[in-house]
$ cat my_file-v4.cif   # mmCIF, C-alpha atoms
data_data
#
loop_
_atom_site.label_atom_id
_atom_site.label_comp_id
_atom_site.auth_asym_id
_atom_site.auth_seq_id
_atom_site.Cartn_x
_atom_site.Cartn_y
_atom_site.Cartn_z
CA MET A 924 -23.50 -11.10 -24.12
CA GLU A 925 -24.44 -8.03 -22.16
CA ASN A 926 -21.94 -6.16 -20.08
CA THR A 927 -18.93 -7.42 -21.93
CA ASN A 928 -16.41 -5.26 -23.67
CA GLU A 929 -12.89 -5.64 -25.03
CA MET A 930 -10.04 -3.37 -26.00
CA LYS A 931 -6.63 -4.03 -27.47
CA ILE A 932 -3.91 -1.42 -27.80
CA ILE A 933 -0.44 -1.81 -29.25
CA PHE A 934 2.24 0.81 -28.71
CA ASP A 935 6.00 1.33 -28.78
CA SER A 936 8.03 0.47 -25.68
CA ARG A 937 8.88 4.10 -25.00
CA PRO A 938 8.75 5.52 -21.46
CA GLU A 939 6.38 8.29 -22.56
CA ASN A 940 3.81 5.59 -23.41
CA GLU A 941 3.58 4.42 -19.78
CA GLY A 942 1.19 7.30 -19.12
CA LEU A 943 -0.84 6.46 -22.22
CA ALA A 944 -1.15 2.81 -21.19
CA ARG A 945 -2.38 3.44 -17.65
CA VAL A 946 -4.79 6.18 -18.71
CA ALA A 947 -6.23 3.97 -21.48
CA ALA A 948 -6.75 1.10 -19.00
CA ALA A 949 -8.30 3.49 -16.48
CA ALA A 950 -10.65 4.90 -19.15
CA PHE A 951 -11.70 1.39 -20.17
CA CYS A 952 -12.40 0.63 -16.51
CA THR A 953 -14.75 3.61 -15.99
CA GLN A 954 -17.70 1.64 -17.47
CA LEU A 955 -17.55 -0.53 -14.33
CA ASN A 956 -18.06 2.52 -12.08
CA PRO A 957 -14.87 2.11 -10.07
CA THR A 958 -13.96 4.14 -6.99
CA LEU A 959 -11.06 6.58 -7.26
CA GLU A 960 -8.97 4.15 -5.24
CA GLU A 961 -9.75 1.27 -7.61
CA VAL A 962 -8.71 3.44 -10.56
CA ALA A 963 -5.47 4.40 -8.80
CA ASP A 964 -4.74 0.72 -8.04
CA LEU A 965 -5.32 -0.24 -11.64
CA LYS A 966 -3.15 2.57 -12.99
CA THR A 967 -0.27 1.62 -10.74
CA ALA A 968 -0.52 -2.09 -11.67
CA VAL A 969 -0.58 -1.31 -15.42
CA SER A 970 2.29 1.13 -15.03
CA GLU A 971 4.37 -1.56 -13.29
CA ALA A 972 3.72 -4.14 -16.00
CA VAL A 973 4.49 -1.70 -18.82
CA THR A 974 7.64 -0.40 -17.09
CA ASN A 975 8.83 -4.01 -16.82
CA CYS A 976 8.37 -4.45 -20.58
CA ILE A 977 10.37 -1.31 -21.34
CA ILE A 978 13.22 -1.79 -18.88
CA HIS A 979 13.54 -5.55 -18.61
CA ALA A 980 11.87 -7.26 -21.58
CA TYR A 981 13.15 -4.92 -24.28
CA GLU A 982 16.05 -3.40 -22.29
CA GLY A 983 15.46 0.06 -23.74
CA LYS A 984 15.01 -1.05 -27.36
CA VAL A 985 11.87 0.16 -29.11
CA ARG A 986 9.55 -2.77 -29.80
CA LYS A 987 5.81 -3.36 -29.40
CA ILE A 988 3.85 -3.78 -26.19
CA GLU A 989 0.28 -5.05 -26.34
CA ILE A 990 -2.42 -4.54 -23.74
CA PHE A 991 -5.62 -6.52 -23.90
CA CYS A 992 -8.48 -5.49 -21.60
CA ARG A 993 -11.68 -7.45 -21.14
CA ARG A 994 -14.66 -6.70 -19.01
CA GLU A 995 -17.39 -9.16 -18.05
CA GLY A 996 -19.88 -7.74 -15.58
CA GLN A 997 -17.79 -6.34 -12.73
CA ASN A 998 -14.73 -8.43 -13.59
CA LEU A 999 -11.85 -6.83 -15.40
CA TRP A 1000 -8.97 -8.73 -16.98
CA ILE A 1001 -5.85 -7.03 -18.25
CA ASP A 1002 -3.06 -8.79 -20.12
CA VAL A 1003 0.23 -7.01 -20.77
CA ILE A 1004 2.17 -8.77 -23.50
CA ASP A 1005 5.71 -8.37 -24.77
CA LYS A 1006 7.96 -10.34 -27.10
CA GLY A 1007 11.14 -9.53 -25.22
CA VAL A 1008 13.85 -11.49 -23.45
CA GLY A 1009 11.53 -13.41 -21.12
CA ILE A 1010 11.99 -14.22 -17.44
CA ARG A 1011 14.18 -17.17 -16.49
CA ASP A 1012 12.82 -17.58 -12.96
CA VAL A 1013 9.33 -16.11 -12.59
CA SER A 1014 8.90 -16.84 -8.89
CA LYS A 1015 12.24 -15.18 -8.14
CA ALA A 1016 11.27 -12.15 -10.24
CA MET A 1017 8.05 -11.82 -8.25
CA GLU A 1018 9.78 -11.74 -4.86
CA PRO A 1019 9.56 -8.36 -3.12
CA LEU A 1020 12.74 -6.28 -3.52
CA PHE A 1021 14.24 -8.65 -6.09
CA THR A 1022 15.64 -6.74 -9.05
CA THR A 1023 18.25 -7.43 -11.71
CA LYS A 1024 18.82 -3.68 -12.08
CA PRO A 1025 19.56 -2.17 -8.64
CA GLU A 1026 22.08 0.21 -10.23
CA LYS A 1027 19.21 1.81 -12.12
CA ASP A 1028 17.34 2.43 -8.87
CA ARG A 1029 14.73 -0.18 -9.59
CA SER A 1030 13.00 -0.95 -6.30
CA GLY A 1031 12.12 -4.59 -7.01
CA MET A 1032 8.54 -3.82 -5.99
CA GLY A 1033 6.86 -4.00 -9.41
CA PHE A 1034 5.22 -7.43 -9.11
CA THR A 1035 4.55 -6.84 -5.41
CA PHE A 1036 2.54 -3.74 -6.30
CA MET A 1037 0.69 -5.59 -9.08
CA GLU A 1038 -0.23 -8.35 -6.65
CA ALA A 1039 -1.25 -5.87 -3.95
CA PHE A 1040 -3.48 -3.84 -6.24
CA MET A 1041 -5.06 -6.54 -8.38
CA ASP A 1042 -7.01 -9.60 -7.21
CA GLU A 1043 -5.02 -12.04 -9.33
CA VAL A 1044 -1.67 -11.82 -11.10
CA THR A 1045 -0.18 -14.68 -13.10
CA VAL A 1046 2.87 -14.58 -15.31
CA GLU A 1047 3.69 -16.74 -18.32
CA SER A 1048 7.16 -16.32 -19.70
CA GLN A 1049 9.48 -18.03 -22.10
CA VAL A 1050 13.13 -17.03 -22.33
CA GLY A 1051 13.85 -15.48 -25.71
CA HIS A 1052 10.16 -15.29 -26.64
CA GLY A 1053 8.48 -12.93 -24.24
CA THR A 1054 6.16 -12.56 -21.30
CA VAL A 1055 2.44 -12.25 -20.63
CA VAL A 1056 1.25 -10.76 -17.35
CA HIS A 1057 -2.41 -11.61 -16.68
CA MET A 1058 -4.18 -9.50 -14.11
CA LYS A 1059 -7.74 -9.62 -12.82
CA LYS A 1060 -9.66 -7.24 -10.63
CA THR A 1061 -13.28 -7.27 -9.54
CA ILE A 1062 -14.59 -3.72 -9.35
CA GLY A 1063 -17.06 -2.59 -6.71
CA ARG A 1064 -16.65 -5.41 -4.26
CA MET B 541 11.46 21.54 -14.87
CA GLU B 542 11.94 24.83 -13.10
CA ASN B 543 11.63 25.01 -9.32
CA ARG B 544 11.66 21.25 -8.92
CA PHE B 545 14.61 21.54 -6.56
CA GLU B 546 14.85 23.86 -3.59
CA ILE B 547 17.74 24.12 -1.16
CA GLN B 548 17.10 25.32 2.40
CA GLY B 549 20.29 25.36 4.45
CA ASN B 550 21.67 21.88 4.06
CA SER B 551 18.45 20.23 3.08
CA LEU B 552 17.29 19.53 -0.44
CA ILE B 553 13.57 19.68 -1.17
CA ILE B 554 12.39 17.84 -4.26
CA HIS B 555 8.97 18.98 -5.45
CA LEU B 556 7.72 15.91 -7.26
CA PRO B 557 5.60 16.19 -10.41
CA GLU B 558 1.96 15.16 -10.79
CA GLU B 559 2.89 11.74 -12.17
CA VAL B 560 5.92 10.00 -10.70
CA ASP B 561 6.84 7.19 -13.07
CA HIS B 562 9.89 5.66 -14.71
CA MET B 563 10.38 8.48 -17.18
CA VAL B 564 10.51 11.35 -14.67
CA THR B 565 12.36 9.44 -11.93
CA ASP B 566 15.35 8.92 -14.25
CA GLU B 567 15.49 12.67 -14.75
CA ILE B 568 15.04 13.53 -11.05
CA ARG B 569 17.67 10.98 -10.05
CA ARG B 570 20.24 12.50 -12.41
CA ASP B 571 19.56 16.10 -11.38
CA SER B 572 19.30 15.46 -7.63
CA ASP B 573 22.49 13.38 -7.54
CA ASP B 574 24.24 16.24 -9.28
CA ILE B 575 23.15 18.63 -6.51
CA ILE B 576 24.06 16.15 -3.75
CA ARG B 577 27.57 15.79 -5.17
CA LYS B 578 28.15 19.53 -5.47
CA LYS B 579 26.56 20.82 -2.28
CA TYR B 580 26.59 19.81 1.36
CA ILE B 581 23.21 18.16 1.78
CA ARG B 582 22.18 16.48 5.05
CA THR B 583 18.51 15.75 4.41
CA ILE B 584 16.29 15.22 1.40
CA THR B 585 12.59 16.03 1.55
CA PHE B 586 10.30 14.56 -1.08
CA ASP B 587 7.35 16.88 -1.51
CA PHE B 588 4.32 14.93 -2.76
CA SER B 589 1.82 17.78 -2.46
CA GLY B 590 1.45 18.04 -6.26
CA THR B 591 1.55 14.30 -6.90
CA ALA B 592 -1.52 12.35 -7.98
CA PHE B 593 0.15 9.20 -9.33
CA MET B 594 3.18 7.14 -8.43
CA ASP B 595 4.43 3.63 -9.15
CA SER B 596 7.39 1.63 -7.86
CA SER B 597 9.79 3.85 -9.83
CA GLY B 598 9.15 6.49 -7.14
CA ILE B 599 9.98 3.94 -4.45
CA GLY B 600 13.23 3.14 -6.29
CA LEU B 601 14.01 6.86 -6.38
CA ILE B 602 13.58 7.16 -2.59
CA MET B 603 15.55 3.98 -1.87
CA GLY B 604 18.40 5.10 -4.13
CA ARG B 605 18.67 8.53 -2.51
CA TYR B 606 18.64 6.90 0.93
CA ARG B 607 21.61 4.76 -0.12
CA MET B 608 23.33 7.78 -1.60
CA MET B 609 22.95 9.65 1.71
CA GLY B 610 24.72 6.83 3.53
CA MET B 611 21.49 5.29 4.92
CA ARG B 612 21.49 7.59 7.92
CA GLY B 613 18.41 7.42 10.12
CA ASP B 614 17.07 10.93 9.60
CA CYS B 615 18.16 11.77 6.07
CA ILE B 616 14.90 11.22 4.16
CA GLN B 617 11.62 13.01 4.77
CA ALA B 618 8.33 13.14 2.92
CA THR B 619 5.69 15.82 2.97
CA GLY B 620 2.30 16.39 1.34
CA VAL B 621 1.64 12.66 1.48
CA ASN B 622 -1.94 11.67 0.57
CA SER B 623 -3.48 8.34 1.54
CA TYR B 624 -2.53 6.65 -1.73
CA ILE B 625 1.13 7.67 -1.56
CA GLU B 626 1.16 6.60 2.09
CA LYS B 627 -0.15 3.19 1.04
CA LEU B 628 2.74 2.82 -1.44
CA LEU B 629 5.31 3.91 1.17
CA HIS B 630 3.96 1.34 3.62
CA LEU B 631 3.59 -1.50 1.17
CA SER B 632 7.16 -1.11 -0.05
CA GLY B 633 8.61 -0.83 3.46
CA VAL B 634 10.35 2.50 2.79
CA TYR B 635 8.26 4.14 5.54
CA LYS B 636 10.75 2.56 7.97
CA PHE B 637 13.36 5.14 7.04
CA VAL B 638 11.16 7.94 5.69
CA GLU B 639 9.89 10.48 8.17
CA ILE B 640 6.46 11.68 7.05
CA ARG B 641 5.90 15.33 7.93
CA GLY B 642 2.98 17.69 7.58
CA GLU B 643 4.92 20.70 6.31
CA VAL B 644 8.08 21.28 4.30
#

$ encode --input "my_file-v4.cif" --output "structure tokens"
Amino acid sequence: MENTNEMKIIFDSRPENEGLARVAAAAFCTQLNPTLEEVADLKTAVSEAVTNCIIHAYEGKVRKIEIFCRREGQNLWIDVIDKGVGIRDVSKAMEPLFTTKPEKDRSGMGFTFMEAFMDEVTVESQVGHGTVVHMKKTIGR
Amino acid sequence: MENRFEIQGNSLIIHLPEEVDHMVTDEIRRDSDDIIRKKYIRTITFDFSGTAFMDSSGIGLIMGRYRMMGMRGDCIQATGVNSYIEKLLHLSGVYKFVEIRGEV
């Protein structure tokens, strides 16, 4: 099929890879001719999801994070996948300002930013097995 | 990083880096809290003029410093704010206690 493309990257859950992840997603997105604002939105959303994997899912331990990007026409899907601790109560975790780590200066705005900057965000999580954050954005609307 | 922190009277100016994410905010938090404990600081100004990217880690940094300063009304200022940073400040609600200024 024309105008489809896919990318998968796997990297260690190290803070220095947050930059790599958002730049890779932004680079993948350029084939859809996004505006600067759309690129910034995407970078922030990916950064939030990856930061969650590092801080919450793996709690600082070095494990693997996977990002799967798919493009179909002007639609872009991004999945951020970890095999960490999982989220017990997903709807609670997605509430603005909710955080389990206030002492670490986490703002509790991660999912709020993802939802604000992407068109769709859904979360599948299983305690002890990991989490998948699915995000979708239509570029050039 | 050199020159990240500047003290003018009793205000601390934090010149934020180009990318404000989880990795650098941990560092800035540690260093700025050290200064706040040692010196008499009344206001903190976050200087965004060199910043092109930020995520919610930056919001956490601002919220944490606001708490540290006793949540006083005029203790946190921001300068060099572009439209994207402004969007993040509004969306997160921190604009309610952050005074956005044109100049340092």

$ closest_residue --input "my_file-v4.cif" --among "B:Gly590, B:Gly549, B:Gly613, B:Gly598" --to "chain A" --atoms "all atoms listed in the file"
B:Gly598

$ closest_atom_pairs --input "my_file-v4.cif" --of "chain B" --to "chain A" --cutoff "9 Å" --atoms "all atoms listed in the file" --output "tab-separated table"
residue	atom	partner	partner_atom	distance
B:Glu559	CA	A:Gly942	CA	8.4
B:Asp561	CA	A:Ser970	CA	7.8
B:His562	CA	A:Pro938	CA	6.8
B:Met563	CA	A:Pro938	CA	5.5
B:Asp566	CA	A:Lys1027	CA	8.4
B:Arg569	CA	A:Asp1028	CA	8.6
B:Ala592	CA	A:Ala963	CA	8.9
B:Phe593	CA	A:Ala963	CA	7.4
B:Met594	CA	A:Thr967	CA	6.9
B:Asp595	CA	A:Thr967	CA	5.4
B:Ser596	CA	A:Gly1033	CA	5.9
B:Ser597	CA	A:Arg1029	CA	6.4
B:Gly598	CA	A:Ser1030	CA	8.4
B:Ile599	CA	A:Ser1030	CA	6.0
B:Gly600	CA	A:Ser1030	CA	4.1
B:Leu601	CA	A:Asp1028	CA	6.1
B:Ile602	CA	A:Asp1028	CA	8.7
B:Met603	CA	A:Ser1030	CA	7.1
B:Gly604	CA	A:Asp1028	CA	5.5
B:Arg605	CA	A:Asp1028	CA	8.9
B:Tyr624	CA	A:Glu960	CA	7.7
B:Leu628	CA	A:Phe1036	CA	8.2
B:Leu631	CA	A:Phe1036	CA	7.9
B:Ser632	CA	A:Met1032	CA	6.7

$ atom_distance --input "my_file-v4.cif" --atom1 "atom CA of Asp1042 of chain A" --atom2 "atom CA of Lys1060 of chain A"
4.9 Å

$ resolve_selection --input "my_file-v4.cif" --expression "the PyMOL selection byres ((chain A and resi 1057) around 8)" --output "NGL selection string"
:A and (1000-1003 or 1043-1046 or 1055-1056 or 1058-1059)

$ atom_distance --input "my_file-v4.cif" --atom1 "atom CA of Phe586 of chain B" --atom2 "atom CA of Ile616 of chain B"
7.7 Å

$ closest_residue --input "my_file-v4.cif" --among "B:Thr591, B:Val564, B:Ile581, B:Met608" --to "Val621 of chain B" --atoms "all atoms listed in the file"
B:Thr591

$ resolve_selection --input "my_file-v4.cif" --expression "the PyMOL selection byres ((chain B and resi 543) around 12)" --output "list in words"
Met541, Glu542, Arg544, Phe545, Glu546, Ile547, Leu552, Ile553, Ile554, His555, Leu556 and Pro557 of chain B

$ axis_aligned_box --input "my_file-v4.cif" --around "segment 982-997 of chain A" --padding-each-side "8 Å" --output "AutoDock Vina command-line options"
--center_x -1.9 --center_y -4.5 --center_z -21.3 --size_x 51.9 --size_y 25.3 --size_z 33.1

$ atom_distance --input "my_file-v4.cif" --atom1 "atom CA of Arg612 of chain B" --atom2 "atom CA of Lys579 of chain B"
17.5 Å

$ residues_near_point --input "my_file-v4.cif" --point "(-12.6, -5.0, -13.1)" --cutoff "7 Å" --atoms "all atoms listed in the file" --output "VMD selection string"
chain A and resid 952 955 994 997 to 1000 1059 to 1062

$ resolve_selection --input "my_file-v4.cif" --expression "the PyMOL selection byres ((chain A and resi 1006) around 6)" --output "MDAnalysis selection string"
chainID A and resid 1005 1007 1052:1053

$ residues_around --input "my_file-v4.cif" --residues "Thr953 of chain A" --least-positions-apart "4" --cutoff "12 Å" --atoms "all atoms listed in the file" --output "ChimeraX atom specification"
/A:928,946-949,957-959,961-963,965,994,997,999,1062-1063

$ closest_residue --input "my_file-v4.cif" --among "B:Met609, B:Gly642, B:Val560, B:Gly620" --to "Arg577 of chain B" --atoms "all atoms listed in the file"
B:Met609

$ residues_around --input "my_file-v4.cif" --residues "segment 637-640 of chain B" --least-positions-apart "5" --cutoff "6 Å" --atoms "all atoms listed in the file" --output "number ranges by chain"
B: 616-619

$ build_atoms --input "my_file-v4.cif" --residues "segment 562-588 of chain B" --atoms "N, CA and C atoms" --output "short mmCIF file (atom, residue, chain, number, x, y, z; two decimals), keeping the file's coordinate frame"
data_model
loop_
_atom_site.label_atom_id
_atom_site.label_comp_id
_atom_site.auth_asym_id
_atom_site.auth_seq_id
_atom_site.Cartn_x
_atom_site.Cartn_y
_atom_site.Cartn_z
N HIS B 562 8.55 6.00 -14.26
CA HIS B 562 9.89 5.66 -14.71
C HIS B 562 10.57 6.78 -15.50
N MET B 563 9.79 7.45 -16.34
CA MET B 563 10.38 8.48 -17.18
C MET B 563 10.90 9.67 -16.35
N VAL B 564 10.07 10.17 -15.44
CA VAL B 564 10.51 11.35 -14.67
C VAL B 564 11.51 10.99 -13.56
N THR B 565 11.42 9.76 -13.02
CA THR B 565 12.36 9.44 -11.93
C THR B 565 13.80 9.38 -12.44
N ASP B 566 14.00 8.93 -13.67
CA ASP B 566 15.35 8.92 -14.25
C ASP B 566 15.95 10.33 -14.27
N GLU B 567 15.09 11.27 -14.65
CA GLU B 567 15.49 12.67 -14.75
C GLU B 567 15.79 13.26 -13.35
N ILE B 568 14.89 12.99 -12.41
CA ILE B 568 15.04 13.53 -11.05
C ILE B 568 16.28 12.94 -10.39
N ARG B 569 16.50 11.65 -10.63
CA ARG B 569 17.67 10.98 -10.05
C ARG B 569 18.95 11.67 -10.54
N ARG B 570 19.05 11.89 -11.82
CA ARG B 570 20.24 12.50 -12.41
C ARG B 570 20.47 13.90 -11.83
N ASP B 571 19.42 14.72 -11.82
CA ASP B 571 19.56 16.10 -11.38
C ASP B 571 19.80 16.20 -9.87
N SER B 572 19.12 15.37 -9.09
CA SER B 572 19.30 15.46 -7.63
C SER B 572 20.68 14.95 -7.23
N ASP B 573 21.16 13.90 -7.87
CA ASP B 573 22.49 13.38 -7.54
C ASP B 573 23.57 14.40 -7.86
N ASP B 574 23.33 15.17 -8.90
CA ASP B 574 24.24 16.24 -9.28
C ASP B 574 24.33 17.28 -8.16
N ILE B 575 23.19 17.65 -7.61
CA ILE B 575 23.15 18.63 -6.51
C ILE B 575 23.82 18.05 -5.26
N ILE B 576 23.51 16.79 -4.95
CA ILE B 576 24.06 16.15 -3.75
C ILE B 576 25.59 16.07 -3.82
N ARG B 577 26.12 15.86 -5.01
CA ARG B 577 27.57 15.79 -5.17
C ARG B 577 28.24 17.15 -5.01
N LYS B 578 27.55 18.19 -5.46
CA LYS B 578 28.15 19.53 -5.47
C LYS B 578 27.96 20.29 -4.16
N LYS B 579 26.86 20.04 -3.48
CA LYS B 579 26.56 20.82 -2.28
C LYS B 579 26.53 19.93 -1.06
N TYR B 580 26.66 20.56 0.11
CA TYR B 580 26.59 19.81 1.36
C TYR B 580 25.13 19.63 1.75
N ILE B 581 24.62 18.45 1.50
CA ILE B 581 23.21 18.16 1.78
C ILE B 581 23.12 17.11 2.89
N ARG B 582 22.35 17.42 3.93
CA ARG B 582 22.18 16.48 5.05
C ARG B 582 20.84 15.73 4.99
N THR B 583 19.83 16.42 4.50
CA THR B 583 18.51 15.75 4.41
C THR B 583 17.86 16.01 3.05
N ILE B 584 17.07 15.05 2.63
CA ILE B 584 16.29 15.22 1.40
C ILE B 584 14.81 15.11 1.77
N THR B 585 14.03 16.08 1.33
CA THR B 585 12.59 16.03 1.55
C THR B 585 11.89 15.84 0.20
N PHE B 586 11.11 14.78 0.11
CA PHE B 586 10.30 14.56 -1.08
C PHE B 586 8.94 15.20 -0.85
N ASP B 587 8.62 16.18 -1.67
CA ASP B 587 7.35 16.88 -1.51
C ASP B 587 6.32 16.31 -2.50
N PHE B 588 5.34 15.60 -1.95
CA PHE B 588 4.32 14.93 -2.76
C PHE B 588 3.05 15.77 -2.93
#
